[in-house]
Amino acid sequence: MQDLYKTLGVSKTASDAEIKAGYRKLAKQYHPDLNPDDKAIEQKFKEISQAYNILGDAKKKQQYDRGQIDASGQASNPFHGGYTQRGQPRGAAAGGAGGGFDFGSEMDIGDIFSDLFGARKRQTRTAPPQRKGSDVKYSCSVNFVEAAAGAVKRIDLADGKSLNITIPPGTEDKQVLRLKTKGLPGMGGGPNGDALIEVKIESHPLFSRKGRDVYLDLPISLAEALEGTTLTVPTVTGRVKVRIPPDSNTGTTLRLKGKGIDDIKGVNRGDQLIRLQVYLPEETDKELREFLRNWAKTKNYDPRKHTGLFD
């Protein structure tokens with residue numbers, strides 16, 4: 001005969017909370033939706049549910065512990081069960097005045113007579129409580145441009161299946177995307193849980209981000225800074241041509257309207273800001289050095305004049 005306590009993996013002195021916890025743990029492990037077409041698992045789940053149906057009900061648990069009902073919830077043999085306080089066998093006929101049957105305070109006489117006449121009373125089994133399935137957490141790495149412009153990535157789910165997910169334009173680092181009903185199956189006909197995908201954005205060697213604006217540091221030569229030029233620069237949506245104005249300095253910032261990052265609703269797009277950085281040659285030649293020395297002798301040139309550093 002099945003031992004309901006062993007079925008739930010708990011001791012006979014387990015509290016209501018321990019019985020409930022044992023049931024929930026096993027129900028998740030042996031849920032048929034997680035083990036399709038496995039008859040052994042399906043039978044195991046039925047046994048777990050039946051055990052909790054009895055042990056999870058205070059009255060039925062007392063009846064089971066006293067031997068009044070068996071593991072299936074049916075009434076036990078009415079002629080087996082010890083003696084009454086008057087010394088008569090339970091369920092046995094007693095002679096003399098006042099004789100008869102002593103069924104005990106918890107017995108249902110209707111059930112006993114049903115057994116005697118071979119018409120055992122059916123009991124309706126209570127279905128497990130309806131519960132939503134657990135949410136499952138995943139992580140997904142995307143590069144800077146994919147997060148800015150949007151992308152489709154493929155992830156592996158806990159049940160072994162794969163799923164394509166859409167990374168919306170403007171997704172931020174550590175933002176969590178929720179996929180409805182893609183988590184663990186529910187119990188007792190409850191809805192599935194959700195899949196929670198945390199997006200991790202990889203750093204970019206050129207771009208940085210502040211809000212919806214993208215920043216790019218652009219090195220230019222001394223000649224390009226003095227004379228101005230047109231250069232092709234990268235953006236998150238592709239390369240574009242940019243006019244570098246004459247007499248540009250390190251720190252001069254050019255703004256490309258609408259070349260930044262969309263907000264996640266696709267309503268307002270940020271800008272790309274290009275910060276110019278003037279670079280001298282790695283090795284300056286004697287001719288350039290001599291020219292600058294002669295030029296400086298006739299020019300009153302102070303690059304710190306308007307900084308306020310020496311006021």
# chains A, B, ... in the order shown; residues from 1 in each chain; ligands from 1

call {"tool": "residues_around", "arguments": {"residues": "segment 232-243 of chain A", "least_positions_apart": "4", "cutoff": "7 Å", "atoms": "only C-alpha atoms", "output": "list in words"}}
result
Val145, Ala148, Ala149, Lys259 and Gly260 of chain A

call {"tool": "write_last_selection", "arguments": {"atoms": "N, CA and C atoms", "output": "mmCIF file, in the first residue's frame"}}
result
data_model
loop_
_atom_site.group_PDB
_atom_site.id
_atom_site.type_symbol
_atom_site.label_atom_id
_atom_site.label_comp_id
_atom_site.auth_asym_id
_atom_site.auth_seq_id
_atom_site.Cartn_x
_atom_site.Cartn_y
_atom_site.Cartn_z
ATOM 1 N N VAL A 145 25.749 48.797 -31.333
ATOM 2 C CA VAL A 145 24.935 49.175 -32.500
ATOM 3 C C VAL A 145 23.621 48.404 -32.510
ATOM 4 N N ALA A 148 21.295 50.009 -30.120
ATOM 5 C CA ALA A 148 20.852 51.324 -30.578
ATOM 6 C C ALA A 148 19.840 51.227 -31.716
ATOM 7 N N ALA A 149 20.128 50.362 -32.696
ATOM 8 C CA ALA A 149 19.307 50.295 -33.897
ATOM 9 C C ALA A 149 18.262 49.192 -33.851
ATOM 10 N N LYS A 259 20.870 61.349 -35.629
ATOM 11 C CA LYS A 259 21.784 60.226 -35.873
ATOM 12 C C LYS A 259 22.138 59.493 -34.572
ATOM 13 N N GLY A 260 21.337 59.726 -33.537
ATOM 14 C CA GLY A 260 21.583 59.045 -32.269
ATOM 15 C C GLY A 260 20.706 57.820 -32.124
#

call {"tool": "closest_residue", "arguments": {"among": "A:Gln29, A:Gln63, A:Gln277, A:Gln272", "to": "Ser208 of chain A", "atoms": "only C-alpha atoms"}}
result
A:Gln272

call {"tool": "residues_around", "arguments": {"residues": "segment 3-12 of chain A", "least_positions_apart": "2", "cutoff": "8 Å", "atoms": "only C-alpha atoms", "output": "NGL selection string"}}
result
:A and (1 or 14 or 18-19 or 22-23 or 26 or 47-48 or 51-52 or 55 or 71)

call {"tool": "closest_residue", "arguments": {"among": "A:Glu287, A:Asp159, A:Asp262, A:Glu282", "to": "Val214 of chain A", "atoms": "only C-alpha atoms"}}
result
A:Asp262

call {"tool": "closest_residue", "arguments": {"among": "A:Leu292, A:Ile274, A:Ala40, A:Ala17", "to": "Leu216 of chain A", "atoms": "only C-alpha atoms"}}
result
A:Ile274

call {"tool": "closest_residue", "arguments": {"among": "A:Ala58, A:Leu256, A:Val199, A:Val267", "to": "Phe144 of chain A", "atoms": "only C-alpha atoms"}}
result
A:Val199

call {"tool": "select_by_dssp", "arguments": {"residues": "segment 183-256 of chain A", "states": "alpha helix (DSSP H)", "output": "JSON, numbers by chain"}}
result
{"A": [222, 223, 224, 225, 226, 227]}

call {"tool": "atom_distance", "arguments": {"atom1": "atom CA of Glu202 of chain A", "atom2": "atom CA of Ala147 of chain A"}}
result
9.1 Å

call {"tool": "closest_residue", "arguments": {"among": "A:Phe207, A:Tyr64, A:Trp295, A:Tyr279", "to": "Ile220 of chain A", "atoms": "only C-alpha atoms"}}
result
A:Tyr279

call {"tool": "closest_residue", "arguments": {"among": "A:Leu273, A:Ile197, A:Ile41, A:Val278", "to": "Leu222 of chain A", "atoms": "only C-alpha atoms"}}
result
A:Val278

call {"tool": "residues_around", "arguments": {"residues": "Gly211 of chain A", "least_positions_apart": "2", "cutoff": "10 Å", "atoms": "only C-alpha atoms", "output": "list in words"}}
result
Gly170, Glu172, Arg209, Asp213, Val214, Gly260, Ile261, Asp262, Asp263 and Gly270 of chain A
